Each structure stands twice: as C-alpha cells, then as structure tokens.
file structure_25.cif (mmCIF, N, CA and C atoms)
data_target
#
loop_
_atom_site.label_atom_id
_atom_site.label_comp_id
_atom_site.auth_asym_id
_atom_site.auth_seq_id
_atom_site.Cartn_x
_atom_site.Cartn_y
_atom_site.Cartn_z
N MET I 29 43.53 175.44 110.42
CA MET I 29 43.31 174.25 111.23
C MET I 29 43.51 173.03 110.32
N PRO I 30 44.50 172.17 110.57
CA PRO I 30 44.76 171.06 109.67
C PRO I 30 43.82 169.87 109.84
N PHE I 31 43.10 169.75 110.96
CA PHE I 31 42.25 168.59 111.19
C PHE I 31 40.86 169.02 111.65
N CYS I 32 39.88 168.24 111.27
CA CYS I 32 38.49 168.51 111.64
C CYS I 32 38.27 168.17 113.11
N PRO I 33 37.63 169.08 113.88
CA PRO I 33 37.38 168.80 115.29
C PRO I 33 36.30 167.75 115.50
N ASN I 34 35.54 167.44 114.45
CA ASN I 34 34.47 166.46 114.57
C ASN I 34 34.95 165.05 114.27
N CYS I 35 35.63 164.88 113.12
CA CYS I 35 36.00 163.52 112.70
C CYS I 35 37.50 163.28 112.66
N GLY I 36 38.30 164.34 112.76
CA GLY I 36 39.75 164.17 112.76
C GLY I 36 40.38 164.13 111.39
N SER I 37 39.58 164.25 110.33
CA SER I 37 40.11 164.21 108.97
C SER I 37 40.94 165.45 108.67
N TYR I 38 41.90 165.29 107.78
CA TYR I 38 42.72 166.42 107.35
C TYR I 38 41.86 167.40 106.55
N VAL I 39 42.01 168.67 106.83
CA VAL I 39 41.30 169.73 106.10
C VAL I 39 42.35 170.62 105.46
N SER I 40 42.28 170.74 104.15
CA SER I 40 43.25 171.55 103.41
C SER I 40 43.15 173.01 103.82
N PRO I 41 44.29 173.71 103.85
CA PRO I 41 44.25 175.15 104.17
C PRO I 41 43.32 175.88 103.21
N GLY I 42 42.51 176.75 103.76
CA GLY I 42 41.57 177.51 102.95
C GLY I 42 40.20 176.89 102.85
N ASP I 43 40.07 175.59 103.15
CA ASP I 43 38.76 174.95 103.13
C ASP I 43 37.98 175.35 104.37
N ASN I 44 36.69 175.60 104.20
CA ASN I 44 35.84 175.96 105.32
C ASN I 44 35.01 174.80 105.83
N THR I 45 34.96 173.70 105.07
CA THR I 45 34.13 172.57 105.42
C THR I 45 34.91 171.28 105.27
N CYS I 46 34.77 170.40 106.23
CA CYS I 46 35.40 169.08 106.19
C CYS I 46 34.58 168.16 105.30
N ILE I 47 35.15 167.01 104.92
CA ILE I 47 34.42 166.04 104.11
C ILE I 47 33.22 165.47 104.87
N CYS I 48 33.23 165.57 106.20
CA CYS I 48 32.10 165.07 107.00
C CYS I 48 30.98 166.11 107.09
N GLY I 49 31.23 167.32 106.57
CA GLY I 49 30.23 168.37 106.57
C GLY I 49 30.38 169.39 107.68
N THR I 50 31.34 169.18 108.58
CA THR I 50 31.54 170.10 109.68
C THR I 50 32.19 171.39 109.19
N TYR I 51 31.62 172.52 109.61
CA TYR I 51 32.21 173.81 109.28
C TYR I 51 33.48 173.99 110.11
N VAL I 52 34.59 174.26 109.44
CA VAL I 52 35.87 174.39 110.14
C VAL I 52 36.50 175.75 109.95
N GLY I 53 35.85 176.63 109.22
CA GLY I 53 36.38 177.97 108.99
C GLY I 53 36.08 178.87 110.17
N GLY I 54 36.56 180.10 110.11
CA GLY I 54 36.25 181.07 111.15
C GLY I 54 37.34 181.15 112.19
N ASP I 55 37.00 181.82 113.30
CA ASP I 55 37.98 182.10 114.34
C ASP I 55 38.14 180.97 115.34
N GLU I 56 37.20 180.03 115.37
CA GLU I 56 37.25 178.98 116.38
C GLU I 56 38.42 178.03 116.12
N GLU I 57 39.23 177.84 117.11
CA GLU I 57 40.41 176.97 116.99
C GLU I 57 40.05 175.56 117.42
N GLY I 58 40.32 174.61 116.58
CA GLY I 58 40.04 173.21 116.89
C GLY I 58 41.20 172.57 117.64
N PRO I 59 41.06 171.30 117.99
CA PRO I 59 42.11 170.60 118.71
C PRO I 59 43.34 170.40 117.83
N ASP I 60 44.47 170.34 118.45
CA ASP I 60 45.72 170.11 117.73
C ASP I 60 45.98 168.60 117.73
N LEU I 61 45.38 167.92 116.75
CA LEU I 61 45.47 166.46 116.71
C LEU I 61 46.89 165.97 116.44
N GLU I 62 47.66 166.76 115.73
CA GLU I 62 49.05 166.36 115.49
C GLU I 62 49.81 166.26 116.81
N ASN I 63 49.67 167.27 117.66
CA ASN I 63 50.35 167.23 118.95
C ASN I 63 49.77 166.17 119.87
N MET I 64 48.44 165.96 119.79
CA MET I 64 47.82 164.91 120.59
C MET I 64 48.39 163.54 120.20
N THR I 65 48.54 163.32 118.91
CA THR I 65 49.08 162.06 118.40
C THR I 65 50.52 161.88 118.85
N MET I 66 51.32 162.94 118.72
CA MET I 66 52.72 162.86 119.14
C MET I 66 52.81 162.58 120.64
N GLU I 67 51.94 163.18 121.43
CA GLU I 67 51.95 162.97 122.88
C GLU I 67 51.62 161.52 123.22
N ILE I 68 50.64 160.95 122.53
CA ILE I 68 50.26 159.56 122.79
C ILE I 68 51.40 158.61 122.42
N PHE I 69 52.04 158.84 121.28
CA PHE I 69 53.15 157.98 120.89
C PHE I 69 54.36 158.16 121.81
N SER I 70 54.54 159.36 122.33
CA SER I 70 55.60 159.60 123.30
C SER I 70 55.35 158.82 124.59
N LYS I 71 54.09 158.81 125.04
CA LYS I 71 53.73 158.01 126.22
C LYS I 71 54.02 156.53 125.97
N TYR I 72 53.66 156.07 124.77
CA TYR I 72 53.89 154.65 124.44
C TYR I 72 55.38 154.34 124.44
N ASP I 73 56.19 155.21 123.85
CA ASP I 73 57.64 154.99 123.84
C ASP I 73 58.21 154.93 125.26
N THR I 74 57.72 155.80 126.13
CA THR I 74 58.16 155.80 127.52
C THR I 74 57.80 154.48 128.21
N LEU I 75 56.59 154.00 127.97
CA LEU I 75 56.16 152.72 128.56
C LEU I 75 57.01 151.57 128.03
N LYS I 76 57.32 151.58 126.74
CA LYS I 76 58.15 150.51 126.17
C LYS I 76 59.55 150.52 126.78
N ARG I 77 60.12 151.70 126.98
CA ARG I 77 61.44 151.78 127.62
C ARG I 77 61.39 151.22 129.03
N ARG I 78 60.33 151.58 129.77
CA ARG I 78 60.18 151.04 131.12
C ARG I 78 60.07 149.52 131.08
N TYR I 79 59.36 149.01 130.11
CA TYR I 79 59.18 147.55 129.98
C TYR I 79 60.52 146.87 129.74
N TYR I 80 61.32 147.42 128.85
CA TYR I 80 62.61 146.81 128.54
C TYR I 80 63.59 146.90 129.71
N ASN I 81 63.40 147.87 130.60
CA ASN I 81 64.32 148.06 131.72
C ASN I 81 63.85 147.43 133.02
N LEU I 82 62.73 146.72 132.99
CA LEU I 82 62.23 146.10 134.22
C LEU I 82 63.13 144.97 134.70
N ASN I 83 63.24 144.86 135.99
CA ASN I 83 63.94 143.75 136.62
C ASN I 83 62.98 142.56 136.62
N ASN I 84 63.45 141.39 136.23
CA ASN I 84 62.60 140.20 136.14
C ASN I 84 61.96 139.80 137.47
N GLN I 85 62.48 140.28 138.57
CA GLN I 85 61.95 139.91 139.88
C GLN I 85 61.03 140.98 140.47
N ASP I 86 60.82 142.06 139.77
CA ASP I 86 60.04 143.19 140.27
C ASP I 86 58.57 143.06 139.88
N SER I 87 57.83 142.23 140.59
CA SER I 87 56.43 141.99 140.24
C SER I 87 55.58 143.25 140.41
N ASP I 88 55.91 144.08 141.40
CA ASP I 88 55.17 145.33 141.58
C ASP I 88 55.39 146.26 140.38
N GLY I 89 56.61 146.30 139.88
CA GLY I 89 56.91 147.11 138.71
C GLY I 89 56.14 146.64 137.48
N TYR I 90 56.04 145.31 137.32
CA TYR I 90 55.28 144.75 136.21
C TYR I 90 53.81 145.11 136.33
N SER I 91 53.26 144.99 137.52
CA SER I 91 51.84 145.30 137.74
C SER I 91 51.54 146.78 137.50
N GLU I 92 52.43 147.62 137.97
CA GLU I 92 52.29 149.06 137.77
C GLU I 92 52.34 149.40 136.28
N LEU I 93 53.29 148.81 135.58
CA LEU I 93 53.43 149.06 134.15
C LEU I 93 52.21 148.54 133.38
N LEU I 94 51.70 147.38 133.79
CA LEU I 94 50.50 146.84 133.16
C LEU I 94 49.34 147.83 133.28
N ASP I 95 49.17 148.40 134.46
CA ASP I 95 48.11 149.39 134.66
C ASP I 95 48.32 150.61 133.76
N ASP I 96 49.57 151.03 133.58
CA ASP I 96 49.86 152.18 132.73
C ASP I 96 49.58 151.88 131.25
N PHE I 97 49.93 150.66 130.80
CA PHE I 97 49.61 150.26 129.43
C PHE I 97 48.10 150.23 129.22
N LYS I 98 47.36 149.70 130.19
CA LYS I 98 45.90 149.63 130.07
C LYS I 98 45.29 151.04 130.06
N ALA I 99 45.85 151.94 130.84
CA ALA I 99 45.34 153.32 130.87
C ALA I 99 45.54 154.00 129.51
N LEU I 100 46.71 153.77 128.89
CA LEU I 100 46.95 154.36 127.57
C LEU I 100 46.01 153.75 126.54
N LYS I 101 45.80 152.45 126.63
CA LYS I 101 44.87 151.79 125.71
C LYS I 101 43.47 152.38 125.86
N ASP I 102 43.03 152.56 127.10
CA ASP I 102 41.71 153.14 127.34
C ASP I 102 41.61 154.56 126.77
N GLU I 103 42.72 155.29 126.84
CA GLU I 103 42.74 156.67 126.36
C GLU I 103 42.48 156.76 124.86
N ILE I 104 42.94 155.75 124.10
CA ILE I 104 42.80 155.83 122.64
C ILE I 104 41.78 154.85 122.08
N GLU I 105 41.07 154.12 122.94
CA GLU I 105 40.01 153.25 122.45
C GLU I 105 39.04 154.09 121.64
N PRO I 106 38.51 153.57 120.53
CA PRO I 106 37.62 154.36 119.69
C PRO I 106 36.43 154.98 120.43
N ASN I 107 35.91 154.29 121.43
CA ASN I 107 34.76 154.86 122.15
C ASN I 107 35.18 155.91 123.17
N ASN I 108 36.47 156.04 123.48
CA ASN I 108 36.95 157.03 124.44
C ASN I 108 37.64 158.21 123.77
N PHE I 109 38.29 157.97 122.65
CA PHE I 109 39.01 159.05 121.95
C PHE I 109 38.00 159.84 121.14
N PRO I 110 37.90 161.14 121.34
CA PRO I 110 36.80 161.90 120.76
C PRO I 110 36.91 162.19 119.26
N TYR I 111 37.94 161.72 118.60
CA TYR I 111 38.11 162.01 117.18
C TYR I 111 38.30 160.72 116.42
N ASP I 112 37.82 160.72 115.18
CA ASP I 112 37.93 159.54 114.33
C ASP I 112 39.32 159.54 113.70
N PHE I 113 40.21 158.78 114.29
CA PHE I 113 41.60 158.74 113.86
C PHE I 113 42.00 157.29 113.71
N GLU I 114 41.51 156.64 112.66
CA GLU I 114 41.70 155.21 112.49
C GLU I 114 43.18 154.83 112.48
N TYR I 115 43.95 155.44 111.61
CA TYR I 115 45.37 155.17 111.54
C TYR I 115 46.07 156.42 112.04
N PRO I 116 47.04 156.35 112.88
CA PRO I 116 47.87 155.22 113.26
C PRO I 116 47.43 154.54 114.56
N PHE I 117 46.32 154.94 115.13
CA PHE I 117 45.94 154.37 116.41
C PHE I 117 45.51 152.92 116.31
N SER I 118 45.02 152.48 115.17
CA SER I 118 44.63 151.07 115.05
C SER I 118 45.86 150.18 115.23
N THR I 119 46.98 150.57 114.66
CA THR I 119 48.23 149.82 114.82
C THR I 119 48.72 149.90 116.26
N LEU I 120 48.62 151.08 116.85
CA LEU I 120 49.04 151.24 118.24
C LEU I 120 48.19 150.38 119.17
N LEU I 121 46.89 150.29 118.92
CA LEU I 121 46.03 149.44 119.74
C LEU I 121 46.45 147.98 119.66
N MET I 122 46.82 147.53 118.47
CA MET I 122 47.31 146.15 118.33
C MET I 122 48.58 145.95 119.15
N ASP I 123 49.50 146.92 119.08
CA ASP I 123 50.74 146.83 119.83
C ASP I 123 50.47 146.84 121.34
N LEU I 124 49.56 147.70 121.77
CA LEU I 124 49.22 147.76 123.20
C LEU I 124 48.60 146.45 123.67
N ASN I 125 47.72 145.88 122.87
CA ASN I 125 47.12 144.58 123.24
C ASN I 125 48.19 143.51 123.38
N ARG I 126 49.16 143.52 122.47
CA ARG I 126 50.27 142.55 122.53
C ARG I 126 51.10 142.77 123.79
N ASP I 127 51.43 144.02 124.08
CA ASP I 127 52.23 144.33 125.26
C ASP I 127 51.50 143.97 126.54
N ILE I 128 50.21 144.25 126.58
CA ILE I 128 49.41 143.91 127.76
C ILE I 128 49.38 142.39 127.96
N SER I 129 49.20 141.65 126.89
CA SER I 129 49.21 140.18 126.98
C SER I 129 50.56 139.67 127.47
N ASN I 130 51.64 140.25 126.94
CA ASN I 130 52.98 139.84 127.37
C ASN I 130 53.22 140.13 128.85
N LEU I 131 52.79 141.30 129.30
CA LEU I 131 52.95 141.65 130.71
C LEU I 131 52.12 140.73 131.60
N GLU I 132 50.89 140.44 131.21
CA GLU I 132 50.05 139.53 131.99
C GLU I 132 50.69 138.15 132.07
N TYR I 133 51.27 137.70 130.96
CA TYR I 133 51.97 136.41 130.94
C TYR I 133 53.16 136.44 131.90
N ASP I 134 53.95 137.51 131.82
CA ASP I 134 55.12 137.65 132.69
C ASP I 134 54.72 137.65 134.16
N ILE I 135 53.66 138.38 134.48
CA ILE I 135 53.20 138.45 135.87
C ILE I 135 52.72 137.09 136.35
N ASN I 136 51.95 136.40 135.52
CA ASN I 136 51.48 135.07 135.89
C ASN I 136 52.65 134.09 136.08
N LYS I 137 53.62 134.20 135.22
CA LYS I 137 54.79 133.34 135.31
C LYS I 137 55.56 133.62 136.62
N MET I 138 55.72 134.88 136.96
CA MET I 138 56.40 135.24 138.23
C MET I 138 55.62 134.72 139.41
N ASN I 139 54.30 134.85 139.38
CA ASN I 139 53.48 134.41 140.49
C ASN I 139 53.53 132.89 140.65
N ASP I 140 53.65 132.17 139.55
CA ASP I 140 53.75 130.70 139.59
C ASP I 140 55.09 130.24 140.17
N GLU I 141 56.13 131.04 139.96
CA GLU I 141 57.46 130.67 140.42
C GLU I 141 57.64 130.90 141.92
N TYR I 142 56.84 131.77 142.51
CA TYR I 142 56.99 132.07 143.94
C TYR I 142 56.25 131.12 144.80
#
call {"tool": "encode", "arguments": {"input": "structure_25.cif", "output": "structure tokens"}}
result
Amino acid sequence: MPFCPNCGSYVSPGDNTCICGTYVGGDEEGPDLENMTMEIFSKYDTLKRRYYNLNNQDSDGYSELLDDFKALKDEIEPNNFPYDFEYPFSTLLMDLNRDISNLEYDINKMNDEY
C-alpha cells in the first residue's frame, strides 16, 4: 500500500506503520490515493475543456459549468476530502477558485448585457 489510509502520506514498501502512527501492514487494503488523485485531475481537465468550448451566449451552459466547478471544489475541500493530501490539491483549489470567480464574472456580465 503506497499511501496511508489515515493521513494520505506515502508509506515505503515493507513499512508497517505510517509516520502518523497508523498501522498499514497486514491484509487490509487501503484506498488507492494515486487513482483518486488522477480521477480528480481528469475531472478538472474535462471541466476546463468545457469552459474553453462554451458559447459566449450560452448562459445556461455557464451556470451548469459553474455548478460543476463548485461540486469538484467541494469534493476536495480539506474538510470534505477524507485524506490529508496538501499538495497537489492546494494548487488545484486555487485554480478552482480562480475558475469559479471567472465564471461568476462571465455570468454577471452576460446578465448585465441582456
């Protein structure tokens, strides 16, 4: 198991205990944090592609995408994500906050123009 199920820290092969003190040896299989991380970044890439391909007049599309960005942000917020994975999620959270702000600005701008 490469990562601790309690704190998310890397655990070297053959180690039975994480630096946080959690026993990680034995038959119990922990979460696959590498795949979880890849899945989250894949979701983010998909959202970014949708953002770049939006039609400037599609306010429903912008609102829908905004909801999807917020849902991904909620998924990895430190109080919602069950593992302590500071990096790379801290950078992703900054990017998500920026994208959410940009979408909110775009939506407000569209609403002002109508």
call {"tool": "residues_around", "arguments": {"input": "structure_25.cif", "residues": "range 96-101 of chain I", "least_positions_apart": "2", "cutoff": "7 Å", "atoms": "all atoms listed in the file", "output": "number ranges by chain"}}
result
I: 75, 91-94, 103-105, 121, 124, 128
call {"tool": "closest_residue", "arguments": {"input": "structure_25.cif", "among": "I:Lys71, I:Phe117, I:Cys46, I:Asp88", "to": "Asn139 in chain I", "atoms": "only C-alpha atoms"}}
result
I:Asp88
call {"tool": "select_by_dssp", "arguments": {"input": "structure_25.cif", "residues": "chain I", "states": "helix (DSSP H, G or I)", "output": "VMD selection string"}}
result
chain I and resid 61 to 80 87 to 104 114 to 141
call {"tool": "residues_around", "arguments": {"input": "structure_25.cif", "residues": "Gly53 in chain I", "least_positions_apart": "6", "cutoff": "12 Å", "atoms": "only C-alpha atoms", "output": "list of chain:residue names"}}
result
I:Met29, I:Pro30, I:Phe31, I:Cys32, I:Pro33, I:Val39, I:Ser40, I:Pro41, I:Gly42, I:Asp43, I:Asn44, I:Thr45, I:Cys46
call {"tool": "write_last_selection", "arguments": {"input": "structure_25.cif", "atoms": "N, CA and C atoms", "output": "PDB file, in the frame of the given file"}}
result
ATOM      1  N   MET I  29      43.530 175.440 110.420  1.00  0.00           N
ATOM      2  CA  MET I  29      43.310 174.250 111.230  1.00  0.00           C
ATOM      3  C   MET I  29      43.510 173.030 110.320  1.00  0.00           C
ATOM      4  N   PRO I  30      44.500 172.170 110.570  1.00  0.00           N
ATOM      5  CA  PRO I  30      44.760 171.060 109.670  1.00  0.00           C
ATOM      6  C   PRO I  30      43.820 169.870 109.840  1.00  0.00           C
ATOM      7  N   PHE I  31      43.100 169.750 110.960  1.00  0.00           N
ATOM      8  CA  PHE I  31      42.250 168.590 111.190  1.00  0.00           C
ATOM      9  C   PHE I  31      40.860 169.020 111.650  1.00  0.00           C
ATOM     10  N   CYS I  32      39.880 168.240 111.270  1.00  0.00           N
ATOM     11  CA  CYS I  32      38.490 168.510 111.640  1.00  0.00           C
ATOM     12  C   CYS I  32      38.270 168.170 113.110  1.00  0.00           C
ATOM     13  N   PRO I  33      37.630 169.080 113.880  1.00  0.00           N
ATOM     14  CA  PRO I  33      37.380 168.800 115.290  1.00  0.00           C
ATOM     15  C   PRO I  33      36.300 167.750 115.500  1.00  0.00           C
ATOM     16  N   VAL I  39      42.010 168.670 106.830  1.00  0.00           N
ATOM     17  CA  VAL I  39      41.300 169.730 106.100  1.00  0.00           C
ATOM     18  C   VAL I  39      42.350 170.620 105.460  1.00  0.00           C
ATOM     19  N   SER I  40      42.280 170.740 104.150  1.00  0.00           N
ATOM     20  CA  SER I  40      43.250 171.550 103.410  1.00  0.00           C
ATOM     21  C   SER I  40      43.150 173.010 103.820  1.00  0.00           C
ATOM     22  N   PRO I  41      44.290 173.710 103.850  1.00  0.00           N
ATOM     23  CA  PRO I  41      44.250 175.150 104.170  1.00  0.00           C
ATOM     24  C   PRO I  41      43.320 175.880 103.210  1.00  0.00           C
ATOM     25  N   GLY I  42      42.510 176.750 103.760  1.00  0.00           N
ATOM     26  CA  GLY I  42      41.570 177.510 102.950  1.00  0.00           C
ATOM     27  C   GLY I  42      40.200 176.890 102.850  1.00  0.00           C
ATOM     28  N   ASP I  43      40.070 175.590 103.150  1.00  0.00           N
ATOM     29  CA  ASP I  43      38.760 174.950 103.130  1.00  0.00           C
ATOM     30  C   ASP I  43      37.980 175.350 104.370  1.00  0.00           C
ATOM     31  N   ASN I  44      36.690 175.600 104.200  1.00  0.00           N
ATOM     32  CA  ASN I  44      35.840 175.960 105.320  1.00  0.00           C
ATOM     33  C   ASN I  44      35.010 174.800 105.830  1.00  0.00           C
ATOM     34  N   THR I  45      34.960 173.700 105.070  1.00  0.00           N
ATOM     35  CA  THR I  45      34.130 172.570 105.420  1.00  0.00           C
ATOM     36  C   THR I  45      34.910 171.280 105.270  1.00  0.00           C
ATOM     37  N   CYS I  46      34.770 170.400 106.230  1.00  0.00           N
ATOM     38  CA  CYS I  46      35.400 169.080 106.190  1.00  0.00           C
ATOM     39  C   CYS I  46      34.580 168.160 105.300  1.00  0.00           C
TER      40      CYS I  46
END
call {"tool": "closest_residue", "arguments": {"input": "structure_25.cif", "among": "I:Met66, I:Met122, I:Ile47, I:Ile135", "to": "Tyr90 in chain I", "atoms": "only N, CA and C atoms"}}
result
I:Ile135
call {"tool": "atom_distance", "arguments": {"input": "structure_25.cif", "atom1": "atom N of Asp73 in chain I", "atom2": "atom N of Asp95 in chain I"}}
result
14.4 Å
call {"tool": "atom_distance", "arguments": {"input": "structure_25.cif", "atom1": "atom N of Arg126 in chain I", "atom2": "CA of Tyr80 in chain I"}}
result
15.1 Å
call {"tool": "closest_residue", "arguments": {"input": "structure_25.cif", "among": "I:Asn63, I:Lys76, I:Phe69, I:Cys35", "to": "Thr50 in chain I", "atoms": "only N, CA and C atoms"}}
result
I:Cys35
call {"tool": "decode", "arguments": {"input": "structure_25.cif", "residues": "range 38-50 of chain I", "atoms": "N, CA, C and O atoms", "output": "PDB file, in the first residue's frame"}}
result
ATOM      1  N   TYR I  38       2.867   9.048   2.009  1.00  0.00           N
ATOM      2  CA  TYR I  38       3.493   7.918   1.331  1.00  0.00           C
ATOM      3  C   TYR I  38       4.087   6.970   2.374  1.00  0.00           C
ATOM      4  O   TYR I  38       4.722   7.414   3.337  1.00  0.00           O
ATOM      5  N   VAL I  39       3.877   5.693   2.182  1.00  0.00           N
ATOM      6  CA  VAL I  39       4.438   4.663   3.065  1.00  0.00           C
ATOM      7  C   VAL I  39       5.321   3.771   2.206  1.00  0.00           C
ATOM      8  O   VAL I  39       4.865   3.190   1.226  1.00  0.00           O
ATOM      9  N   SER I  40       6.583   3.676   2.580  1.00  0.00           N
ATOM     10  CA  SER I  40       7.538   2.870   1.817  1.00  0.00           C
ATOM     11  C   SER I  40       7.149   1.402   1.846  1.00  0.00           C
ATOM     12  O   SER I  40       6.638   0.914   2.858  1.00  0.00           O
ATOM     13  N   PRO I  41       7.391   0.688   0.741  1.00  0.00           N
ATOM     14  CA  PRO I  41       7.099  -0.752   0.732  1.00  0.00           C
ATOM     15  C   PRO I  41       7.832  -1.447   1.870  1.00  0.00           C
ATOM     16  O   PRO I  41       8.991  -1.167   2.144  1.00  0.00           O
ATOM     17  N   GLY I  42       7.127  -2.321   2.547  1.00  0.00           N
ATOM     18  CA  GLY I  42       7.711  -3.055   3.666  1.00  0.00           C
ATOM     19  C   GLY I  42       7.483  -2.413   5.013  1.00  0.00           C
ATOM     20  O   GLY I  42       7.626  -3.051   6.048  1.00  0.00           O
ATOM     21  N   ASP I  43       7.134  -1.117   5.042  1.00  0.00           N
ATOM     22  CA  ASP I  43       6.837  -0.459   6.313  1.00  0.00           C
ATOM     23  C   ASP I  43       5.461  -0.878   6.791  1.00  0.00           C
ATOM     24  O   ASP I  43       4.518  -0.980   6.010  1.00  0.00           O
ATOM     25  N   ASN I  44       5.337  -1.106   8.085  1.00  0.00           N
ATOM     26  CA  ASN I  44       4.057  -1.484   8.664  1.00  0.00           C
ATOM     27  C   ASN I  44       3.348  -0.321   9.335  1.00  0.00           C
ATOM     28  O   ASN I  44       2.183  -0.432   9.681  1.00  0.00           O
ATOM     29  N   THR I  45       4.057   0.790   9.538  1.00  0.00           N
ATOM     30  CA  THR I  45       3.494   1.930  10.248  1.00  0.00           C
ATOM     31  C   THR I  45       3.799   3.212   9.495  1.00  0.00           C
ATOM     32  O   THR I  45       4.913   3.417   9.019  1.00  0.00           O
ATOM     33  N   CYS I  46       2.815   4.067   9.397  1.00  0.00           N
ATOM     34  CA  CYS I  46       2.976   5.383   8.765  1.00  0.00           C
ATOM     35  C   CYS I  46       3.641   6.335   9.758  1.00  0.00           C
ATOM     36  O   CYS I  46       3.673   6.076  10.962  1.00  0.00           O
ATOM     37  N   ILE I  47       4.120   7.479   9.269  1.00  0.00           N
ATOM     38  CA  ILE I  47       4.713   8.484  10.151  1.00  0.00           C
ATOM     39  C   ILE I  47       3.691   9.053  11.131  1.00  0.00           C
ATOM     40  O   ILE I  47       4.052   9.556  12.180  1.00  0.00           O
ATOM     41  N   CYS I  48       2.398   8.922  10.812  1.00  0.00           N
ATOM     42  CA  CYS I  48       1.351   9.414  11.721  1.00  0.00           C
ATOM     43  C   CYS I  48       1.027   8.388  12.804  1.00  0.00           C
ATOM     44  O   CYS I  48       0.244   8.656  13.713  1.00  0.00           O
ATOM     45  N   GLY I  49       1.614   7.183  12.703  1.00  0.00           N
ATOM     46  CA  GLY I  49       1.401   6.155  13.701  1.00  0.00           C
ATOM     47  C   GLY I  49       0.372   5.106  13.314  1.00  0.00           C
ATOM     48  O   GLY I  49       0.171   4.136  14.036  1.00  0.00           O
ATOM     49  N   THR I  50      -0.279   5.281  12.174  1.00  0.00           N
ATOM     50  CA  THR I  50      -1.293   4.331  11.741  1.00  0.00           C
ATOM     51  C   THR I  50      -0.640   3.049  11.240  1.00  0.00           C
ATOM     52  O   THR I  50       0.292   3.089  10.444  1.00  0.00           O
TER      53      THR I  50
END
